[in-house]
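input_21.txt follows; it contains compact mmCIF, C-alpha atoms and all ligand atoms.
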```
# COMPACT_ATOMS: atom_id res chain seq x y z
CA MET A 1 194.65 -58.94 -42.64
CA LYS A 2 194.66 -61.18 -39.58
CA PHE A 3 192.08 -60.98 -36.82
CA THR A 4 194.02 -60.03 -33.69
CA LYS A 5 191.92 -58.71 -30.83
CA VAL A 6 188.66 -57.64 -29.21
CA GLU A 7 188.57 -54.24 -27.58
CA PRO A 8 186.01 -51.88 -26.04
CA PRO A 9 184.25 -49.76 -28.68
CA TYR A 10 185.47 -46.51 -27.01
CA THR A 11 182.85 -44.26 -28.55
CA SER A 12 179.75 -46.01 -27.23
CA LYS A 13 178.68 -47.59 -23.99
CA HIS A 14 178.26 -51.20 -25.08
CA GLY A 15 179.44 -53.76 -27.57
CA CYS A 16 183.00 -54.16 -28.74
CA ARG A 17 185.30 -53.67 -31.64
CA LEU A 18 187.07 -56.46 -33.46
CA VAL A 19 190.47 -55.63 -34.88
CA TRP A 20 192.36 -57.05 -37.87
CA GLU A 21 195.99 -56.18 -38.46
CA GLU A 22 198.34 -56.57 -41.39
CA ALA A 23 201.59 -58.08 -40.13
CA GLY A 24 204.48 -55.63 -40.38
CA GLN A 25 202.30 -52.94 -41.93
CA ASP A 26 200.87 -49.81 -40.49
CA ASP A 27 197.25 -50.71 -41.17
CA THR A 28 194.27 -52.05 -39.28
CA ASP A 29 190.66 -52.86 -40.05
CA THR A 30 187.95 -52.68 -37.43
CA VAL A 31 184.40 -53.91 -37.07
CA ILE A 32 182.38 -52.27 -34.32
CA LEU A 33 179.52 -54.30 -32.88
CA ASN A 34 176.69 -52.78 -30.88
CA LYS A 35 175.34 -54.51 -27.77
CA ASP A 36 172.77 -56.71 -29.53
CA GLU A 37 175.21 -57.76 -32.24
CA PHE A 38 177.87 -58.56 -29.68
CA ASP A 39 175.39 -60.53 -27.53
CA SER A 40 174.21 -62.54 -30.56
CA LEU A 41 177.77 -63.34 -31.61
CA THR A 42 178.71 -64.29 -28.05
CA GLU A 43 175.70 -66.61 -27.79
CA ILE A 44 176.64 -68.48 -30.97
CA LEU A 45 180.27 -68.80 -29.88
CA GLN A 46 179.34 -69.81 -26.33
CA ASN A 47 177.22 -72.67 -27.63
CA ASP A 48 179.95 -73.86 -29.99
CA SER A 49 177.40 -73.60 -32.75
CA THR A 50 177.22 -71.98 -36.17
CA GLY A 51 174.91 -69.15 -37.22
CA THR A 52 174.48 -65.70 -38.67
CA VAL A 53 174.38 -62.28 -37.03
CA VAL A 54 172.77 -59.58 -39.14
CA LEU A 55 174.30 -56.19 -38.40
CA GLU A 56 172.52 -52.89 -37.83
CA ASP A 57 172.54 -51.82 -41.50
CA GLN A 58 170.52 -55.00 -42.28
CA THR A 59 172.94 -55.84 -45.12
CA SER A 60 176.19 -56.73 -43.39
CA THR A 61 176.42 -60.16 -41.79
CA ILE A 62 178.69 -62.25 -39.64
CA LEU A 63 178.57 -65.88 -40.70
CA VAL A 64 179.96 -68.17 -38.00
CA ASN A 65 181.09 -71.48 -39.48
CA SER A 66 182.86 -74.19 -37.54
CA ASP A 67 186.28 -73.27 -38.92
CA VAL A 68 186.14 -69.73 -40.34
CA THR A 69 183.90 -66.79 -39.46
CA GLN A 70 183.16 -64.43 -42.32
CA PHE A 71 182.33 -60.76 -41.99
CA SER A 72 180.50 -59.65 -45.15
CA LEU A 73 180.29 -55.91 -44.71
CA GLN A 74 178.59 -53.30 -46.80
CA ASN A 75 181.08 -51.39 -48.99
CA HIS A 76 183.98 -53.32 -47.55
CA LYS A 77 186.07 -56.29 -48.50
CA LEU A 78 185.30 -59.62 -46.85
CA LEU A 79 187.03 -60.05 -43.49
CA GLU A 80 187.66 -63.47 -42.00
CA ALA A 81 188.64 -64.80 -38.61
CA ASP A 82 189.57 -68.24 -37.42
CA THR A 83 186.45 -69.26 -35.47
CA PHE A 84 188.42 -70.87 -32.65
CA GLU A 85 190.55 -67.73 -32.24
CA LEU A 86 187.49 -65.48 -32.41
CA GLN A 87 185.65 -67.65 -29.87
CA LYS A 88 188.58 -67.56 -27.47
CA ARG A 89 188.96 -63.78 -27.66
CA VAL A 90 185.27 -62.87 -27.68
CA LEU A 91 184.45 -65.10 -24.72
CA GLU A 92 187.45 -63.80 -22.79
CA TYR A 93 186.27 -60.23 -23.47
CA ALA A 94 182.68 -61.09 -22.53
CA LYS A 95 183.85 -62.33 -19.11
CA ILE A 96 185.06 -58.87 -18.11
CA PRO A 97 182.25 -56.85 -16.52
CA HIS A 98 181.53 -53.97 -18.86
CA GLU A 99 179.21 -51.88 -16.75
CA PRO A 100 177.05 -49.54 -18.84
CA GLN A 101 178.74 -46.17 -18.50
CA TYR A 102 178.25 -42.74 -19.85
CA VAL A 103 180.95 -42.09 -22.40
CA HIS A 104 183.35 -39.70 -20.81
CA ILE A 105 186.58 -39.26 -22.65
CA SER A 106 189.44 -38.41 -20.39
CA SER A 107 193.10 -39.27 -20.52
CA LYS A 108 192.28 -42.57 -18.89
CA GLN A 109 189.72 -43.45 -21.49
CA PHE A 110 191.33 -42.55 -24.81
CA TYR A 111 192.32 -46.14 -25.20
CA PRO A 112 191.18 -47.93 -22.09
CA SER A 113 193.01 -51.12 -21.42
CA VAL A 114 190.75 -53.97 -20.50
CA TRP A 115 192.23 -57.09 -19.12
CA ILE A 116 191.41 -59.55 -16.40
CA ARG A 117 193.09 -58.49 -13.23
CA GLU A 118 194.86 -61.26 -11.49
CA ASP A 119 195.73 -60.21 -8.00
CA GLU A 120 193.34 -59.40 -5.19
CA GLU A 121 194.99 -56.05 -4.48
CA GLU A 122 194.09 -54.78 -7.94
CA LYS A 123 190.59 -56.25 -7.82
CA LYS A 124 189.70 -54.04 -4.89
CA ASP A 125 190.50 -50.96 -6.93
CA VAL A 126 187.86 -51.49 -9.58
CA GLN A 127 185.09 -51.25 -6.98
CA PRO A 128 183.20 -47.94 -6.81
CA ARG A 129 184.87 -45.77 -4.25
CA ASN A 130 183.66 -43.22 -1.74
CA GLY A 131 185.45 -39.88 -1.27
CA ASN A 132 187.73 -41.15 1.47
CA ALA A 133 188.87 -44.14 -0.55
CA LYS A 134 189.43 -41.86 -3.53
CA ARG A 135 191.79 -39.73 -1.47
CA GLN A 136 193.65 -42.85 -0.39
CA ALA A 137 194.02 -43.91 -4.01
CA ALA A 138 195.37 -40.48 -4.92
CA ARG A 139 197.99 -40.85 -2.22
CA ARG A 140 198.99 -44.31 -3.45
CA SER A 141 200.26 -43.22 -6.83
CA LEU A 142 199.48 -40.62 -9.42
CA LEU A 143 199.40 -43.11 -12.26
CA HIS A 144 197.18 -45.39 -10.25
CA ALA A 145 194.81 -42.52 -9.63
CA ILE A 146 194.75 -41.59 -13.33
CA LEU A 147 194.07 -45.12 -14.43
CA HIS A 148 191.37 -45.75 -11.87
CA SER A 149 189.75 -42.37 -11.52
CA GLU A 150 186.06 -42.03 -12.25
CA PRO A 151 184.57 -39.22 -14.32
CA GLU A 152 183.54 -36.29 -12.16
CA LYS A 153 180.42 -35.60 -14.17
CA PRO A 154 179.57 -38.78 -16.03
CA ASP A 155 176.27 -37.49 -17.33
CA GLN A 156 177.68 -34.44 -19.06
CA PRO A 157 177.54 -35.06 -22.81
CA LEU A 158 180.57 -34.08 -24.87
CA SER A 159 180.01 -31.89 -27.89
CA GLU A 160 181.26 -32.97 -31.32
CA SER A 161 183.99 -30.34 -31.14
CA ASP A 162 185.11 -31.23 -27.63
CA VAL A 163 188.87 -31.49 -27.81
CA PHE A 164 188.90 -34.79 -25.92
CA ARG A 165 186.43 -36.31 -28.34
CA ILE A 166 188.61 -35.11 -31.22
CA PHE A 167 191.69 -36.71 -29.65
CA ALA A 168 189.82 -39.94 -29.05
CA THR A 169 188.31 -40.27 -32.50
CA ARG A 170 191.06 -38.88 -34.74
CA ARG A 171 192.54 -41.19 -37.33
CA SER A 172 195.05 -40.47 -40.09
CA THR A 173 193.90 -40.74 -43.70
CA ARG A 174 195.90 -41.76 -46.71
CA LYS A 175 192.95 -41.74 -49.11
CA PHE A 176 191.18 -38.42 -49.53
CA ALA A 177 187.83 -37.72 -51.17
CA LYS A 178 187.90 -35.35 -54.14
CA THR A 179 185.68 -32.89 -52.21
CA LYS A 180 187.16 -29.42 -52.01
CA VAL A 181 188.06 -28.21 -48.54
CA GLU A 182 186.24 -24.96 -47.83
CA ASP A 183 188.52 -21.91 -47.54
CA TRP A 184 187.12 -21.02 -44.12
CA LYS A 185 188.18 -24.43 -42.84
CA VAL A 186 191.71 -23.96 -44.17
CA ASP A 187 191.77 -20.55 -42.47
CA LYS A 188 190.77 -22.14 -39.19
CA VAL A 189 193.44 -24.83 -39.50
CA LEU A 190 196.11 -22.18 -40.17
CA ALA A 191 194.83 -20.04 -37.33
CA ALA A 192 195.02 -23.05 -35.01
CA ALA A 193 198.66 -23.60 -36.04
CA ASP A 194 199.31 -19.98 -35.12
CA THR A 195 197.97 -20.52 -31.59
CA ALA A 196 200.60 -23.15 -30.76
CA PRO A 197 203.13 -22.23 -28.11
CA THR A 198 206.59 -21.35 -29.44
CA ALA A 199 209.94 -20.82 -27.74
CA GLY A 200 209.96 -17.30 -26.31
CA ASN A 201 206.85 -16.64 -28.40
CA PHE A 202 209.21 -15.91 -31.30
CA GLN A 203 207.34 -18.25 -33.65
CA GLY A 204 210.44 -19.88 -35.09
CA LEU A 205 208.63 -21.40 -38.03
CA LYS A 206 207.06 -20.76 -41.40
CA ILE A 207 204.18 -22.59 -43.05
CA PHE A 208 204.02 -23.04 -46.81
CA TYR A 209 200.42 -23.53 -47.96
CA VAL A 210 200.87 -25.27 -51.32
CA LYS A 211 197.99 -24.79 -53.74
CA ASN A 212 199.87 -25.30 -57.00
CA CYS A 213 199.24 -28.77 -58.54
CA ARG A 214 202.72 -29.11 -60.03
CA THR A 215 204.32 -28.20 -56.73
CA LYS A 216 202.17 -30.83 -54.99
CA GLU A 217 203.33 -33.44 -57.50
CA ALA A 218 206.94 -32.45 -56.87
CA LEU A 219 206.32 -32.81 -53.13
CA VAL A 220 205.12 -36.41 -53.72
CA GLU A 221 208.50 -37.11 -55.29
CA ALA A 222 210.27 -35.46 -52.35
CA ALA A 223 208.31 -37.64 -49.92
CA ASN A 224 209.58 -40.99 -51.13
CA LYS A 225 206.82 -41.03 -53.77
CA GLN A 226 203.97 -41.17 -51.23
CA SER A 227 201.14 -40.40 -53.65
CA TYR A 228 198.70 -39.15 -50.98
CA VAL A 229 200.94 -36.11 -50.46
CA ASN A 230 199.05 -34.75 -53.47
CA ALA A 231 196.10 -33.97 -51.17
CA PRO A 232 193.41 -31.26 -51.35
CA VAL A 233 195.32 -29.14 -48.81
CA VAL A 234 199.08 -29.40 -48.41
CA LEU A 235 200.96 -27.56 -45.68
CA VAL A 236 204.71 -27.74 -45.30
CA PHE A 237 206.04 -26.75 -41.89
CA CYS A 238 209.55 -25.31 -41.89
CA MET A 239 211.90 -24.34 -39.09
CA ASP A 240 213.04 -20.73 -38.87
CA PRO A 241 215.61 -20.47 -36.08
CA SER A 242 216.56 -16.96 -37.19
CA ARG A 243 213.29 -15.73 -35.71
CA VAL A 244 214.11 -17.06 -32.25
CA ARG A 245 215.85 -14.07 -30.69
CA LEU A 246 217.05 -15.76 -27.56
CA LYS A 247 220.66 -15.67 -26.40
CA PHE A 248 221.38 -19.38 -26.73
CA PRO A 249 223.78 -21.39 -28.91
CA ALA A 250 222.71 -22.07 -32.50
CA ASP A 251 222.00 -25.76 -31.82
CA ILE A 252 219.52 -24.83 -29.08
CA LEU A 253 217.75 -22.35 -31.38
CA GLU A 254 217.60 -25.07 -34.03
CA LYS A 255 216.06 -27.40 -31.45
CA PHE A 256 213.53 -24.74 -30.44
CA SER A 257 212.51 -24.12 -34.04
CA ILE A 258 211.95 -27.80 -34.81
CA GLN A 259 209.73 -27.97 -31.74
CA ASP A 260 207.90 -24.78 -32.79
CA ALA A 261 207.23 -26.16 -36.27
CA THR A 262 206.17 -29.57 -34.97
CA LEU A 263 203.80 -28.15 -32.38
CA ALA A 264 202.21 -25.86 -34.95
CA ALA A 265 201.68 -28.83 -37.27
CA SER A 266 200.16 -30.80 -34.40
CA HIS A 267 197.73 -27.97 -33.62
CA ALA A 268 196.77 -27.87 -37.32
CA LEU A 269 196.23 -31.64 -37.34
CA ILE A 270 193.89 -31.53 -34.35
CA ALA A 271 192.02 -28.52 -35.75
CA ALA A 272 191.53 -30.33 -39.06
CA SER A 273 189.96 -33.29 -37.23
CA GLY A 274 187.72 -30.96 -35.26
CA LEU A 275 186.44 -29.55 -38.54
CA GLY A 276 185.48 -33.00 -39.87
CA LEU A 277 188.60 -33.23 -42.04
CA SER A 278 191.38 -35.75 -41.77
CA SER A 279 195.10 -35.63 -42.43
CA ILE A 280 198.32 -37.50 -42.83
CA TRP A 281 201.54 -36.33 -41.24
CA ILE A 282 204.49 -36.75 -43.57
CA GLY A 283 207.83 -37.09 -41.83
CA MET A 284 209.51 -39.11 -44.57
CA ILE A 285 210.79 -36.15 -46.56
CA ASP A 286 213.90 -35.24 -48.51
CA GLU A 287 214.70 -31.89 -46.92
CA GLU A 288 216.97 -30.67 -49.72
CA LYS A 289 214.42 -31.51 -52.43
CA ILE A 290 211.66 -29.71 -50.52
CA LYS A 291 213.84 -26.64 -50.00
CA SER A 292 214.49 -26.46 -53.71
CA ILE A 293 210.80 -27.07 -54.63
CA LEU A 294 209.64 -24.31 -52.30
CA GLY A 295 212.55 -22.02 -53.09
CA THR A 296 213.53 -21.58 -49.46
CA ASP A 297 216.56 -22.04 -47.25
CA LEU A 298 214.38 -23.02 -44.32
CA ARG A 299 214.58 -26.67 -43.24
CA PRO A 300 211.22 -28.46 -43.50
CA SER A 301 210.20 -30.47 -40.42
CA SER A 302 207.07 -32.16 -41.75
CA SER A 303 204.23 -31.83 -44.21
CA LEU A 304 200.59 -32.11 -43.28
CA CYS A 305 198.24 -33.30 -46.01
CA ILE A 306 194.60 -32.56 -45.31
CA GLY A 307 191.25 -33.34 -46.89
CA TYR A 308 187.96 -35.09 -46.38
CA PRO A 309 188.60 -38.78 -45.78
CA ASP A 310 187.42 -41.12 -48.51
CA LYS A 311 186.19 -43.37 -45.72
CA LYS A 312 185.88 -42.56 -42.02
CA LYS A 313 187.85 -45.07 -40.00
CA PRO A 314 187.89 -45.61 -36.25
CA PRO A 315 191.07 -44.66 -34.39
CA LYS A 316 193.97 -47.07 -34.12
CA SER A 317 194.80 -48.91 -30.93
CA ARG A 318 197.63 -47.79 -28.73
CA ARG A 319 199.64 -49.60 -26.09
CA ARG A 320 198.30 -49.49 -22.56
CA LEU A 321 198.55 -46.08 -20.96
CA LYS A 322 200.26 -47.82 -18.08
CA GLU A 323 203.12 -48.86 -20.35
CA LEU A 324 203.47 -45.39 -21.81
CA ILE A 325 204.02 -43.61 -18.51
CA GLU A 326 206.68 -44.12 -15.92
CA VAL A 327 205.90 -42.32 -12.73
CA ILE A 328 208.89 -41.07 -10.80
CA GLU A 329 207.77 -40.79 -7.20
C1 LIG A 401 206.86 -38.04 -36.93
C2 LIG A 401 205.85 -38.73 -37.82
C3 LIG A 401 206.21 -39.08 -39.10
C4 LIG A 401 205.27 -39.69 -39.94
N1 LIG A 401 205.61 -39.91 -41.23
C5 LIG A 401 204.71 -40.49 -42.06
C6 LIG A 401 205.02 -40.67 -43.43
O1 LIG A 401 206.05 -40.25 -43.95
N2 LIG A 401 204.09 -41.30 -44.20
C7 LIG A 401 202.90 -41.75 -43.70
O2 LIG A 401 202.13 -42.33 -44.45
N3 LIG A 401 202.57 -41.56 -42.41
C8 LIG A 401 203.44 -40.93 -41.58
N4 LIG A 401 203.09 -40.68 -40.28
C9 LIG A 401 201.73 -41.03 -39.80
C10 LIG A 401 201.77 -42.22 -38.83
O3 LIG A 401 202.05 -43.40 -39.54
C11 LIG A 401 200.40 -42.33 -38.12
O4 LIG A 401 200.16 -41.14 -37.42
C12 LIG A 401 200.43 -43.50 -37.14
O5 LIG A 401 200.38 -44.71 -37.83
C13 LIG A 401 199.28 -43.48 -36.15
O6 LIG A 401 198.04 -43.50 -36.84
P1 LIG A 401 196.91 -42.44 -36.48
O7 LIG A 401 197.48 -41.07 -36.80
O8 LIG A 401 195.74 -42.80 -37.36
O9 LIG A 401 196.60 -42.58 -35.03
C14 LIG A 401 203.98 -40.01 -39.45
C15 LIG A 401 203.63 -39.63 -38.16
C16 LIG A 401 204.53 -38.97 -37.36
C17 LIG A 401 204.10 -38.50 -36.00
```
Please lay out the structure from this file as C-alpha cells.
Amino acid sequence: MKFTKVEPPYTSKHGCRLVWEEAGQDDTDTVILNKDEFDSLTEILQNDSTGTVVLEDQTSTILVNSDVTQFSLQNHKLLEADTFELQKRVLEYAKIPHEPQYVHISSKQFYPSVWIREDEEEKKDVQPRNGNAKRQAARRSLLHAILHSEPEKPDQPLSESDVFRIFATRRSTRKFAKTKVEDWKVDKVLAAADTAPTAGNFQGLKIFYVKNCRTKEALVEAANKQSYVNAPVVLVFCMDPSRVRLKFPADILEKFSIQDATLAASHALIAASGLGLSSIWIGMIDEEKIKSILGTDLRPSSSLCIGYPDKKKPPKSRRRLKELIEVIE
C-alpha cells in the first residue's frame, strides 16, 4: 500500500481522509482524521518537526519521524507514508479554505473535488452568491451550476436511510461477517429489485436466490474462483428476453433484458446498503457454467453477493465529477 492523497472526509464537516492505494490493484486503505487530529498533524508537518498524534480512540497513533510517518491503528495493519510526501500533500490540502459546512450530500458532493483554482475567473465562483448571481451561473453552464451550486437547505439533517447518504457511503465488501442476514432484510432487498424500471414494464429478468451451500460453492467456481461469492446471501440476476413483449428485433429485446436485470441488481445493491448490509457485484462469470448450475436457459448478467461486512470501510474515491460529465450545450 502506498500513500497517495489527502481528500475531504465527505461524511463530516472537518478534518480529512488520507488514502493509500495498492498499485494495479482494486484496493484502498483510508484513515479519516477529525479536525483536532488533522490540526495536530498539520502543525507537526508545518514545523518540519517530529511528534505523535494520538487519535480519537486513544489507542491509535500517528508517529511522525523525519523520514517515515507510521500510522499504528487499532485492529489494523501498520500503514506508512513517506514523511516528505505526506508533508507536501497535507500542507497543500490545508491551504485550501475548508469552510465549516453542514454535510449535505448532493450530486455535487458525493466525491467533491478539491483543488487549488488557478485562474481568476474560477476564483470568483467560489464566493457566496446572491440570487441574481446564482441565476447568472445557471445560465453560464449546467455543469458549472451543478459543481458550484450551494445546498438549498444546508441545515436539514439527512436520515441514515436517505438515499443520497446511502450512495455517498456505500462501499463494496469482499469479506463478509458470519452473521446471518435476517429474512426480512432479504425480502426488502428482493422487493427493491422488483421496483426497478424495466423495458415496457415487462420485467425481462429472473432472480435466483441461492440458499443451497453446494450451489454457492459451484458458483464460486463459475466466477473465476472468487471465494467471496460464497456469501450469506447470493442472488443471480438473469436476463429473460422472452418476457419482453415488444415488437422489436431479438437483439433489441436482448439488450432490454440485460438492462432490466442490471437495473434490478443495482436497486438490490443500494437497498442492501440502506439496510446496513454490504455487497459485491460479480460480473466475472462463466455464463454457461452458471446456466448449468442453476438449471436454466436464461443468460446470467451478474451475481450480487450480500452480507454484513466484516469491517466497515469508507467509500472509494472517484474521478472528478467534472471529468465524468460532458455537457453538450
Ligand atoms: C459490471 C461490474 C462487474 C464487477 N465484477 C466484479 C467481479 O467479478 N469481482 C469483484 O470482486 N468485483 C467486481 N465488481 C465490483 C467492483 O470492483 C467495485 O464495485 C468497484 O471497485 C468500485 O468499488 P465500490 O463498489 O466499493 O465503490 C464489479 C462491478 C461492476 C459494476
(message) Neighbours of ligand LIG 401 (chain A) at 8 Å or closer, counting all atoms listed in the file: which residues, as a list of chain:residue names?
(response) A:Asp26, A:Asp27, A:Arg170, A:Arg171, A:Ser172, A:Thr173, A:Arg174, A:Ala223, A:Gln226, A:Ile280, A:Trp281, A:Ile282, A:Gly283, A:Met284, A:Ile285, A:Ser302, A:Pro315, A:Lys316, A:Ser317
(request) Calculate how many Å separate atom CA of Leu246 of chain A from atom CA of Arg299 of chain A, rounding to one decimal. (result) 19.3 Å
(request) State, in Å with one decimal place, the distance from atom CA of Ala250 of chain A to atom CA of Thr262 of chain A. (result)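 One can read the atom CA of Ala250 of chain A to atom CA of Thr262 of chain A distance as 18.3 Å.
When atom CA of Asn224 of chain A is paired with atom CA of Gln203 of chain A, their separation reads 28.8 Å.
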(request) Would you mind telling me which residue in A:Leu304, A:Ile290, A:Ala168, A:Val189 lies nearest to Tyr228 of chain A when using only C-alpha atoms? (result) A:Leu304
(request) Measuring atom to atom with all atoms listed in the file, identify which of A:Ile306, A:Ala272, A:Ala23, A:Ile328 is nearest to Phe167 of chain A. (result) A:Ala272
(request) List every protein, DNA or RNA residue that has an atom no more than 10 Å from (184.5, -32.2, -50.7) in the file's coordinate frame, counting all atoms listed in the file, and report them as a PyMOL selection string. (result) chain A and resi 176-182+232+277+307-310
(request) Please identify all polymer residues within 8 Å of segment 204-221 of chain A, counting all atoms listed in the file, omitting same-chain residues fewer than 5 positions from it, and present them as a list in words. (result)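 Listing them by chain and then by number gives Thr198, Ala199, Gln226, Ser227, Tyr228, Val229, Asn230, Ala231, Val233, Val234, Leu235, Val236, Phe237, Cys238, Met239, Asp240, Pro241, Ser242, Arg243, Val244, Phe256, Ser257, Ile258, Asp260, Ala261, Ile290, Ile293 and Leu294 of chain A.
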(message) Let me make sure I understand: among A:Glu326, A:Ala222, A:Gly274, A:Arg318, which one has the smallest atom-to-atom distance to Glu288 of chain A if we use only C-alpha atoms?
(response) A:Ala222
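Considering only C-alpha atoms, the residue among A:Ala81, A:Val64, A:Ala196, A:Ile252 positioned nearest to Ile44 of chain A is A:Val64.
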(request) For Lys77 of chain A, please output as a list in words all residues within 12 Å (counting only C-alpha atoms; exclusion window: fewer than 4 positions along the same chain). (result)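 Counting only the stated atoms, we get Met1, Asp29, Thr30, Val31, Ser60, Gln70, Phe71, Ser72 and Leu73 of chain A.
Closest approach to Asn75 of chain A from the set A:Thr4, A:Thr59, A:Gln87, A:Ser279 is made by A:Thr59, with distances taken over all atoms listed in the file.
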(message) My list of candidates is A:Ile166, A:Phe84, A:Glu21, A:Leu91. Which is closest to Glu43 of chain A when distances are computed with all atoms listed in the file?
(response) A:Leu91
(request) Take the point (191.1, -24.1, -30.4) in the file's coordinates, draw a sphere of radius 8 Å around it, and report as a ChimeraX atom specification every protein, DNA or RNA residue with an atom inside or on it, counting all atoms listed in the file. (result) /A:192,195,271
